[in-house]
Amino acid sequence: MNFLVDENIPLAHEAFNVQGRVTVFSGRQPSIQDLAETEVLLVRSVTQVNQQLLQQASKLKFVGTATIGTEHVDMEALQQRGIGFASAPGANADSVGEYVLTALLALAEQQSWQLAGRRVAIVGAGNTGIATGKRLSALGMQVGYYDPPLQEQGKQAASYMTWAEVLQADVISLHVPLQNNGRYKTRHLLAHKELAQLGSSQVLINASRGAVINNQALLQRQQEKPLWLILDVWEGEPQILQPLLEKVAIATPHIAGYSLNGKVRATQMLYQACSRYFAWQQAAPDWQKLMPDLRAESWHCDSTLNQQQLAHWALENYPIWRDDRKMRERGVDAQGFDALRKEYPPRYELMSRHLECDRLSDDERERLQQLGFNL
């Protein structure tokens, strides 16, 4: 078979080459020449799988996206052609959760805040929202969820909030898919009206999709009465609203879900989906052996946990200020924004390190595991 794979999907060549020829493409859209022979196309969210692309891929049998979101894929067009499809929901949930955890700890350290006891509104109680809420709860924060669709379906989160309660929370973290229309539209979920109701001491985090916040309205709000902003996603990516970048506390180029662990989980999910679809008989790859070795020193903990210690470990594992600095230096134009994502270095989740604990209580050990540490 002929596979065409986004270069940012790790271990795809090692996993799929036993099934055929693997070609890697860079940039947002693959070339016409590559598409002509492609039977399996594996993409990320930057590639638009639309009618135009499908017209160039007459042999295409299967499309996989290594993301939870599917708004970049024309599902109706795939169905009309009888093309199989798979996504990777939940693959990067821990990565996003650790991004939010690290960003909040970094900002709290910078501003000398104590996070315990602060109210958090998680907007979107799916995989990434739950993974984030679990970690912030382990910090001692009061976590609630806002997700009307799931609530109506009877799916339980720890604690549901009203929209009014969301807008009053100390921290608001967005984890919803981008829905352009319908009853549960999320495009510009936060616009002029909603942003005007937020206080200047509140923290607003967006690690979902840029257009969930009206960026023009957000810029206006920041110019008049700034909020504490942590933005990983931007409306109009890769061309961002440049003046907004100067008004953000922590800025990154859509890499919250870019841990190597999360990317490999997505590759694994796509391999499994292809294997089921094409009824492959070969044994699955040994993903543990394929995973690069972190070769990092273990951490040691022999005293009572505190926010300062957790921040030290989190920032040593993921130096988020480095990403922030690079974003401000290079992410101001489309070429630089895409280059930062393309050249993003391997980032491991906390589970890849070992934390040795001696005299911690059972409750403290449980907290560490909830935060994502490997004890």
# chains A, B, ... in the order shown; residues from 1 in each chain; ligands from 1

$ residues_around --residues "Leu355 in chain A" --least-positions-apart "4" --cutoff "10 Å" --atoms "only C-alpha atoms" --output "compact mmCIF listing (two decimals) with N, CA and C atoms, in the first residue's frame"
# COMPACT_ATOMS: atom_id res chain seq x y z
N GLU A 297 17.44 12.05 34.48
CA GLU A 297 17.65 11.67 35.86
C GLU A 297 16.32 11.57 36.61
N SER A 298 16.29 10.70 37.59
CA SER A 298 15.09 10.60 38.43
C SER A 298 15.04 11.77 39.41
N TRP A 299 13.85 12.08 39.87
CA TRP A 299 13.68 13.07 40.92
C TRP A 299 13.50 12.35 42.25
N HIS A 300 13.77 13.07 43.32
CA HIS A 300 13.64 12.48 44.65
C HIS A 300 12.82 13.40 45.53
N CYS A 301 11.87 12.82 46.24
CA CYS A 301 10.99 13.60 47.12
C CYS A 301 10.93 12.92 48.49
N TRP A 313 9.56 20.84 39.50
CA TRP A 313 9.56 19.62 38.70
C TRP A 313 8.89 19.83 37.34
N LEU A 350 5.30 13.93 32.19
CA LEU A 350 5.86 13.62 33.51
C LEU A 350 5.98 12.12 33.74
N MET A 351 5.09 11.35 33.13
CA MET A 351 5.11 9.90 33.31
C MET A 351 6.40 9.27 32.79
N LEU A 368 0.24 13.05 43.69
CA LEU A 368 1.30 13.03 42.68
C LEU A 368 0.91 12.19 41.47
N PHE A 373 2.62 12.17 37.72
CA PHE A 373 3.96 11.68 38.01
C PHE A 373 3.99 10.16 38.03
N ASN A 374 5.16 9.61 37.68
CA ASN A 374 5.41 8.18 37.69
C ASN A 374 6.19 7.87 38.95
N LEU A 375 5.53 7.33 39.97
CA LEU A 375 6.17 7.08 41.26
C LEU A 375 6.89 5.74 41.24

$ residues_around --residues "Glu194 in chain A" --least-positions-apart "4" --cutoff "12 Å" --atoms "only C-alpha atoms" --output "list in words"
Trp163, Ala164, Val166, Leu167, Gln168, His188, Leu189, Leu190, Leu198, Gly199, Leu204, Val212, Ile213, Asn214, Ala217, Leu218 and Arg221 of chain A

$ write_last_selection --atoms "N, CA, C and O atoms" --output "JSON list (two decimals), in the first residue's frame"
[["chain", "number", "residue", "atom", "x", "y", "z"],
["A", 163, "TRP", "N", -23.20, 28.76, 33.16],
["A", 163, "TRP", "CA", -22.37, 29.70, 32.40],
["A", 163, "TRP", "C", -22.02, 30.93, 33.25],
["A", 163, "TRP", "O", -20.90, 31.45, 33.18],
["A", 164, "ALA", "N", -22.95, 31.37, 34.07],
["A", 164, "ALA", "CA", -22.68, 32.50, 34.95],
["A", 164, "ALA", "C", -21.56, 32.18, 35.92],
["A", 164, "ALA", "O", -20.70, 33.04, 36.21],
["A", 166, "VAL", "N", -19.17, 30.02, 35.36],
["A", 166, "VAL", "CA", -17.93, 29.97, 34.57],
["A", 166, "VAL", "C", -17.29, 31.35, 34.50],
["A", 166, "VAL", "O", -16.09, 31.52, 34.73],
["A", 167, "LEU", "N", -18.09, 32.36, 34.18],
["A", 167, "LEU", "CA", -17.57, 33.71, 33.98],
["A", 167, "LEU", "C", -17.09, 34.35, 35.29],
["A", 167, "LEU", "O", -16.39, 35.37, 35.25],
["A", 168, "GLN", "N", -17.43, 33.75, 36.41],
["A", 168, "GLN", "CA", -16.98, 34.27, 37.70],
["A", 168, "GLN", "C", -15.79, 33.49, 38.28],
["A", 168, "GLN", "O", -15.25, 33.87, 39.32],
["A", 188, "HIS", "N", -16.42, 31.78, 18.69],
["A", 188, "HIS", "CA", -16.64, 33.03, 19.42],
["A", 188, "HIS", "C", -17.53, 32.81, 20.65],
["A", 188, "HIS", "O", -18.39, 33.63, 20.96],
["A", 189, "LEU", "N", -17.31, 31.67, 21.30],
["A", 189, "LEU", "CA", -18.01, 31.41, 22.57],
["A", 189, "LEU", "C", -17.76, 32.55, 23.55],
["A", 189, "LEU", "O", -18.63, 32.94, 24.32],
["A", 190, "LEU", "N", -16.54, 33.06, 23.50],
["A", 190, "LEU", "CA", -16.20, 34.26, 24.27],
["A", 190, "LEU", "C", -15.97, 35.40, 23.29],
["A", 190, "LEU", "O", -15.01, 35.38, 22.51],
["A", 198, "LEU", "N", -15.62, 39.64, 32.60],
["A", 198, "LEU", "CA", -14.51, 39.06, 33.35],
["A", 198, "LEU", "C", -13.75, 40.14, 34.09],
["A", 198, "LEU", "O", -13.58, 41.26, 33.60],
["A", 199, "GLY", "N", -13.26, 39.80, 35.28],
["A", 199, "GLY", "CA", -12.46, 40.72, 36.07],
["A", 199, "GLY", "C", -10.99, 40.64, 35.71],
["A", 199, "GLY", "O", -10.51, 39.63, 35.19],
["A", 204, "LEU", "N", -7.49, 33.44, 31.93],
["A", 204, "LEU", "CA", -8.20, 32.81, 30.81],
["A", 204, "LEU", "C", -7.19, 32.00, 30.00],
["A", 204, "LEU", "O", -6.18, 32.55, 29.55],
["A", 212, "VAL", "N", -12.44, 29.89, 19.25],
["A", 212, "VAL", "CA", -13.38, 29.81, 20.36],
["A", 212, "VAL", "C", -13.46, 31.15, 21.09],
["A", 212, "VAL", "O", -14.48, 31.50, 21.68],
["A", 213, "ILE", "N", -12.39, 31.93, 21.00],
["A", 213, "ILE", "CA", -12.39, 33.30, 21.50],
["A", 213, "ILE", "C", -12.28, 34.25, 20.31],
["A", 213, "ILE", "O", -11.43, 34.06, 19.44],
["A", 214, "ASN", "N", -13.13, 35.26, 20.27],
["A", 214, "ASN", "CA", -13.02, 36.32, 19.27],
["A", 214, "ASN", "C", -11.75, 37.11, 19.58],
["A", 214, "ASN", "O", -11.70, 37.88, 20.54],
["A", 217, "ALA", "N", -12.01, 40.95, 19.72],
["A", 217, "ALA", "CA", -12.64, 41.38, 20.96],
["A", 217, "ALA", "C", -11.69, 41.21, 22.14],
["A", 217, "ALA", "O", -11.65, 42.05, 23.06],
["A", 218, "LEU", "N", -10.90, 40.14, 22.11],
["A", 218, "LEU", "CA", -9.93, 39.90, 23.18],
["A", 218, "LEU", "C", -8.85, 40.98, 23.20],
["A", 218, "LEU", "O", -8.46, 41.46, 24.27],
["A", 221, "ARG", "N", -10.30, 44.07, 24.70],
["A", 221, "ARG", "CA", -10.39, 43.92, 26.15],
["A", 221, "ARG", "C", -9.02, 44.10, 26.81],
["A", 221, "ARG", "O", -8.88, 44.77, 27.83]]

$ closest_atom_pairs --of "range 188-261 of chain A" --to "range 331-335 of chain A" --cutoff "12 Å" --atoms "only C-alpha atoms" --output "tab-separated table"
residue	atom	partner	partner_atom	distance
A:Asp232	CA	A:Gly331	CA	11.4
A:Val233	CA	A:Gly331	CA	11.7
A:Trp234	CA	A:Gly331	CA	11.0
A:Gly236	CA	A:Ala334	CA	9.6
A:Glu237	CA	A:Ala334	CA	7.3
A:Pro238	CA	A:Ala334	CA	4.6
A:Gln239	CA	A:Ala334	CA	4.6
A:Ile240	CA	A:Val332	CA	6.7
A:Leu241	CA	A:Val332	CA	8.2
A:Gln242	CA	A:Val332	CA	5.9
A:Pro243	CA	A:Val332	CA	9.2
A:Leu244	CA	A:Val332	CA	10.1
A:Leu245	CA	A:Val332	CA	7.9
A:Glu246	CA	A:Val332	CA	10.2
A:Ala251	CA	A:Gly331	CA	9.5
A:Thr252	CA	A:Gly331	CA	8.4
A:Pro253	CA	A:Gly331	CA	6.9
A:His254	CA	A:Gly331	CA	10.5

$ closest_atom_pairs --of "range 4-87 of chain A" --to "range 343-348 of chain A" --cutoff "12 Å" --atoms "only C-alpha atoms" --output "CSV"
residue,atom,partner,partner_atom,distance
A:Glu7,CA,A:Glu343,CA,10.3
A:Asn8,CA,A:Glu343,CA,9.0
A:Pro10,CA,A:Pro346,CA,10.1
A:Ser26,CA,A:Glu343,CA,11.1
A:Gly27,CA,A:Glu343,CA,11.6

$ closest_residue --among "A:Ala15, A:Val176, A:Leu371, A:Val43" --to "Pro149 in chain A" --atoms "only C-alpha atoms"
A:Val176

$ select_by_dssp --residues "range 47-269 of chain A" --states "strand (DSSP E or B)" --output "VMD selection string"
chain A and resid 49 62 to 65 73 84 to 86 119 to 123 142 to 146 160 171 to 174 190 203 to 206 213 228 to 231 250 to 251

$ residues_around --residues "range 287-291 of chain A" --least-positions-apart "3" --cutoff "8 Å" --atoms "only C-alpha atoms" --output "VMD selection string"
chain A and resid 11 14 264 268

$ residues_around --residues "range 30-33 of chain A" --least-positions-apart "5" --cutoff "12 Å" --atoms "only C-alpha atoms" --output "number ranges by chain"
A: 3-7, 23-25, 38, 41-44, 46-49, 52-58

$ write_last_selection --atoms "C-alpha atoms" --output "PDB file, in the first residue's frame"
ATOM      1  CA  PHE A   3       0.946   5.739   2.707  1.00  0.00           C
ATOM      2  CA  LEU A   4       1.283   9.529   2.761  1.00  0.00           C
ATOM      3  CA  VAL A   5       2.035  10.839   6.250  1.00  0.00           C
ATOM      4  CA  ASP A   6       2.473  14.267   7.839  1.00  0.00           C
ATOM      5  CA  GLU A   7       6.073  14.621   9.009  1.00  0.00           C
ATOM      6  CA  THR A  23       6.015   8.884   1.939  1.00  0.00           C
ATOM      7  CA  VAL A  24       6.323  11.842   4.289  1.00  0.00           C
ATOM      8  CA  PHE A  25       5.075  15.318   3.418  1.00  0.00           C
ATOM      9  CA  THR A  38      -1.860   7.647  -2.062  1.00  0.00           C
ATOM     10  CA  LEU A  41      -3.458   9.564   4.103  1.00  0.00           C
ATOM     11  CA  LEU A  42      -2.477  10.412   7.682  1.00  0.00           C
ATOM     12  CA  VAL A  43      -2.677  14.082   8.641  1.00  0.00           C
ATOM     13  CA  ARG A  44      -2.794  16.534  11.524  1.00  0.00           C
ATOM     14  CA  VAL A  46      -3.290  21.829   9.715  1.00  0.00           C
ATOM     15  CA  THR A  47      -4.189  19.817   6.588  1.00  0.00           C
ATOM     16  CA  GLN A  48      -7.576  20.490   5.019  1.00  0.00           C
ATOM     17  CA  VAL A  49      -8.993  17.199   3.746  1.00  0.00           C
ATOM     18  CA  GLN A  52     -10.120  19.811  -3.673  1.00  0.00           C
ATOM     19  CA  LEU A  53      -7.680  17.425  -2.011  1.00  0.00           C
ATOM     20  CA  LEU A  54      -9.883  14.390  -2.615  1.00  0.00           C
ATOM     21  CA  GLN A  55     -10.139  15.177  -6.333  1.00  0.00           C
ATOM     22  CA  GLN A  56      -6.349  14.832  -6.486  1.00  0.00           C
ATOM     23  CA  ALA A  57      -6.353  11.454  -4.683  1.00  0.00           C
ATOM     24  CA  SER A  58      -8.277   9.046  -6.891  1.00  0.00           C
TER      25      SER A  58
END

$ residues_around --residues "Ala266 in chain A" --least-positions-apart "4" --cutoff "12 Å" --atoms "only C-alpha atoms" --output "CSV table (one decimal) with N, CA, C and O atoms, in the first residue's frame"
chain,number,residue,atom,x,y,z
A,8,ASN,N,5.0,15.4,11.1
A,8,ASN,CA,4.9,15.6,12.5
A,8,ASN,C,4.1,14.4,13.2
A,8,ASN,O,3.7,14.6,14.4
A,9,ILE,N,3.9,13.3,12.5
A,9,ILE,CA,3.3,12.1,13.1
A,9,ILE,C,4.5,11.1,13.4
A,9,ILE,O,5.0,10.5,12.5
A,10,PRO,N,5.0,11.1,14.6
A,10,PRO,CA,6.2,10.3,14.9
A,10,PRO,C,6.0,8.8,14.8
A,10,PRO,O,4.9,8.3,15.0
A,11,LEU,N,7.0,8.1,14.4
A,11,LEU,CA,7.1,6.6,14.3
A,11,LEU,C,6.2,6.0,13.3
A,11,LEU,O,6.0,4.8,13.2
A,12,ALA,N,5.6,6.9,12.4
A,12,ALA,CA,4.7,6.4,11.4
A,12,ALA,C,5.5,5.6,10.4
A,12,ALA,O,5.0,4.5,9.9
A,42,LEU,N,-2.5,10.1,6.2
A,42,LEU,CA,-2.5,10.4,7.7
A,42,LEU,C,-2.0,11.9,7.9
A,42,LEU,O,-0.9,12.2,7.5
A,43,VAL,N,-2.9,12.6,8.5
A,43,VAL,CA,-2.7,14.1,8.6
A,43,VAL,C,-2.8,14.5,10.1
A,43,VAL,O,-3.2,13.8,11.0
A,44,ARG,N,-2.5,15.8,10.3
A,44,ARG,CA,-2.8,16.5,11.5
A,44,ARG,C,-3.8,17.7,11.2
A,44,ARG,O,-4.2,17.8,10.1
A,64,GLY,N,-6.7,9.2,8.1
A,64,GLY,CA,-6.6,9.2,9.5
A,64,GLY,C,-6.1,10.6,10.0
A,64,GLY,O,-5.2,11.1,9.3
A,65,THR,N,-6.6,11.1,11.0
A,65,THR,CA,-6.0,12.4,11.6
A,65,THR,C,-5.6,12.1,13.0
A,65,THR,O,-6.3,11.5,13.8
A,66,ALA,N,-4.3,12.5,13.3
A,66,ALA,CA,-3.7,12.2,14.6
A,66,ALA,C,-4.1,13.3,15.6
A,66,ALA,O,-3.3,13.8,16.3
A,67,THR,N,-5.4,13.6,15.6
A,67,THR,CA,-5.9,14.7,16.4
A,67,THR,C,-7.3,14.2,16.9
A,67,THR,O,-7.9,13.3,16.4
A,68,ILE,N,-7.8,15.0,18.0
A,68,ILE,CA,-9.2,14.7,18.4
A,68,ILE,C,-10.1,15.4,17.5
A,68,ILE,O,-11.2,14.9,17.2
A,86,ALA,N,-10.5,7.6,10.5
A,86,ALA,CA,-10.3,7.5,12.0
A,86,ALA,C,-9.6,8.7,12.5
A,86,ALA,O,-8.9,9.4,11.8
A,87,SER,N,-9.9,9.1,13.8
A,87,SER,CA,-9.2,10.1,14.5
A,87,SER,C,-8.6,9.6,15.7
A,87,SER,O,-8.6,8.3,15.9
A,88,ALA,N,-8.1,10.4,16.6
A,88,ALA,CA,-7.3,9.9,17.8
A,88,ALA,C,-7.8,10.6,19.0
A,88,ALA,O,-7.0,11.3,19.7
A,89,PRO,N,-9.1,10.5,19.3
A,89,PRO,CA,-9.6,11.2,20.5
A,89,PRO,C,-8.9,10.7,21.8
A,89,PRO,O,-8.8,9.5,22.0
A,90,GLY,N,-8.5,11.6,22.6
A,90,GLY,CA,-7.9,11.3,23.9
A,90,GLY,C,-6.4,11.1,23.8
A,90,GLY,O,-5.7,11.0,24.9
A,91,ALA,N,-5.8,11.0,22.6
A,91,ALA,CA,-4.4,10.7,22.5
A,91,ALA,C,-3.5,11.8,23.2
A,91,ALA,O,-2.5,11.5,23.8
A,92,ASN,N,-3.9,13.0,23.0
A,92,ASN,CA,-3.1,14.1,23.6
A,92,ASN,C,-3.7,14.7,24.8
A,92,ASN,O,-3.3,15.8,25.3
A,93,ALA,N,-4.6,14.0,25.5
A,93,ALA,CA,-5.3,14.6,26.6
A,93,ALA,C,-4.3,14.9,27.8
A,93,ALA,O,-4.4,16.0,28.4
A,95,SER,N,-1.2,15.3,27.5
A,95,SER,CA,-0.2,16.4,27.1
A,95,SER,C,-0.9,17.8,27.4
A,95,SER,O,-0.2,18.7,27.9
A,257,GLY,N,-0.8,20.0,22.9
A,257,GLY,CA,-0.9,18.6,22.7
A,257,GLY,C,0.3,17.9,22.1
A,257,GLY,O,0.2,16.8,21.6
A,258,TYR,N,1.4,18.6,22.0
A,258,TYR,CA,2.6,18.2,21.3
A,258,TYR,C,3.6,17.3,22.1
A,258,TYR,O,4.8,17.2,21.6
A,259,SER,N,3.2,16.7,23.2
A,259,SER,CA,4.2,15.9,23.8
A,259,SER,C,4.5,14.7,22.9
A,259,SER,O,3.6,14.2,22.2
A,260,LEU,N,5.7,14.2,23.0
A,260,LEU,CA,6.0,13.0,22.2
A,260,LEU,C,5.2,11.8,22.6
A,260,LEU,O,4.7,11.0,21.7
A,261,ASN,N,4.9,11.7,23.9
A,261,ASN,CA,4.0,10.6,24.3
A,261,ASN,C,2.6,10.6,23.7
A,261,ASN,O,2.1,9.6,23.2
A,262,GLY,N,2.1,11.9,23.6
A,262,GLY,CA,0.7,12.0,23.0
A,262,GLY,C,0.7,11.8,21.5
A,262,GLY,O,-0.2,11.1,21.0
A,270,LEU,N,-4.0,5.3,15.2
A,270,LEU,CA,-4.3,5.3,13.7
A,270,LEU,C,-3.8,3.9,13.1
A,270,LEU,O,-4.5,3.4,12.2
A,271,TYR,N,-2.7,3.4,13.6
A,271,TYR,CA,-2.3,2.1,13.2
A,271,TYR,C,-3.4,1.0,13.5
A,271,TYR,O,-3.7,0.2,12.6
A,272,GLN,N,-3.9,1.1,14.7
A,272,GLN,CA,-4.9,0.1,15.1
A,272,GLN,C,-6.2,0.2,14.2
A,272,GLN,O,-6.8,-0.8,13.8
A,273,ALA,N,-6.5,1.5,13.9
A,273,ALA,CA,-7.7,1.7,13.1
A,273,ALA,C,-7.5,1.2,11.6
A,273,ALA,O,-8.4,0.6,11.1
A,287,TRP,N,5.5,-0.8,20.4
A,287,TRP,CA,5.6,0.7,20.6
A,287,TRP,C,6.6,1.1,21.6
A,287,TRP,O,7.3,2.2,21.5

$ select_by_dssp --residues "range 107-290 of chain A" --states "helix (DSSP H, G or I)" --output "JSON, numbers by chain"
{"A": [107, 108, 109, 110, 111, 127, 128, 129, 130, 131, 132, 133, 134, 135, 136, 137, 138, 148, 149, 150, 151, 152, 163, 164, 165, 166, 167, 168, 192, 193, 194, 195, 196, 210, 211, 212, 215, 216, 217, 218, 219, 220, 221, 222, 223, 224, 242, 243, 244, 245, 260, 261, 262, 263, 264, 265, 266, 267, 268, 269, 270, 271, 272, 273, 274, 275, 276, 277, 278, 287, 288, 289, 290]}

$ closest_residue --among "A:His192, A:Lys61, A:His13, A:Arg21" --to "Tyr277 in chain A" --atoms "only C-alpha atoms"
A:Lys61

$ residues_around --residues "Ile230 in chain A" --least-positions-apart "5" --cutoff "10 Å" --atoms "only C-alpha atoms" --output "list in words"
Val100, Ala103, Leu104, Leu107, Ser173, Val203, Leu204, Ile205, Asn206, Ala207, Lys247, Val248, Ala249, Ile250, Ala251, Thr252 and Asp324 of chain A

$ atom_distance --atom1 "CA of Val63 in chain A" --atom2 "CA of Gly82 in chain A"
10.9 Å

$ atom_distance --atom1 "CA of Ala131 in chain A" --atom2 "CA of Gly97 in chain A"
5.2 Å

$ residues_around --residues "Phe278 in chain A" --least-positions-apart "2" --cutoff "10 Å" --atoms "only C-alpha atoms" --output "ChimeraX atom specification"
/A:61-62,84,273-276,280-281

$ write_last_selection --atoms "N, CA and C atoms" --output "mmCIF file, in the first residue's frame"
data_model
loop_
_atom_site.group_PDB
_atom_site.id
_atom_site.type_symbol
_atom_site.label_atom_id
_atom_site.label_comp_id
_atom_site.auth_asym_id
_atom_site.auth_seq_id
_atom_site.Cartn_x
_atom_site.Cartn_y
_atom_site.Cartn_z
ATOM 1 N N LYS A 61 -8.183 5.357 -0.043
ATOM 2 C CA LYS A 61 -9.093 4.403 0.599
ATOM 3 C C LYS A 61 -9.345 4.719 2.067
ATOM 4 N N PHE A 62 -8.409 5.451 2.689
ATOM 5 C CA PHE A 62 -8.509 5.669 4.138
ATOM 6 C C PHE A 62 -7.816 6.974 4.514
ATOM 7 N N GLY A 84 -12.578 5.192 4.231
ATOM 8 C CA GLY A 84 -12.555 4.967 5.671
ATOM 9 C C GLY A 84 -11.936 6.145 6.401
ATOM 10 N N ALA A 273 -6.540 1.504 13.895
ATOM 11 C CA ALA A 273 -7.719 1.736 13.057
ATOM 12 C C ALA A 273 -7.500 1.200 11.641
ATOM 13 N N CYS A 274 -6.307 1.443 11.092
ATOM 14 C CA CYS A 274 -5.989 0.921 9.761
ATOM 15 C C CYS A 274 -5.974 -0.604 9.759
ATOM 16 N N SER A 275 -5.413 -1.172 10.816
ATOM 17 C CA SER A 275 -5.324 -2.625 10.894
ATOM 18 C C SER A 275 -6.711 -3.259 10.890
ATOM 19 N N ARG A 276 -7.640 -2.643 11.622
ATOM 20 C CA ARG A 276 -9.023 -3.163 11.627
ATOM 21 C C ARG A 276 -9.680 -2.979 10.268
ATOM 22 N N TRP A 280 -5.418 -6.342 8.538
ATOM 23 C CA TRP A 280 -4.017 -6.772 8.496
ATOM 24 C C TRP A 280 -3.805 -7.953 9.431
ATOM 25 N N GLN A 281 -2.950 -8.865 9.032
ATOM 26 C CA GLN A 281 -2.673 -10.063 9.825
ATOM 27 C C GLN A 281 -1.390 -9.949 10.645
#

$ closest_residue --among "A:Ala138, A:Val73, A:Ala191, A:Leu294" --to "Asn306 in chain A" --atoms "only C-alpha atoms"
A:Ala138

$ atom_distance --atom1 "CA of Arg367 in chain A" --atom2 "CA of Met269 in chain A"
28.6 Å
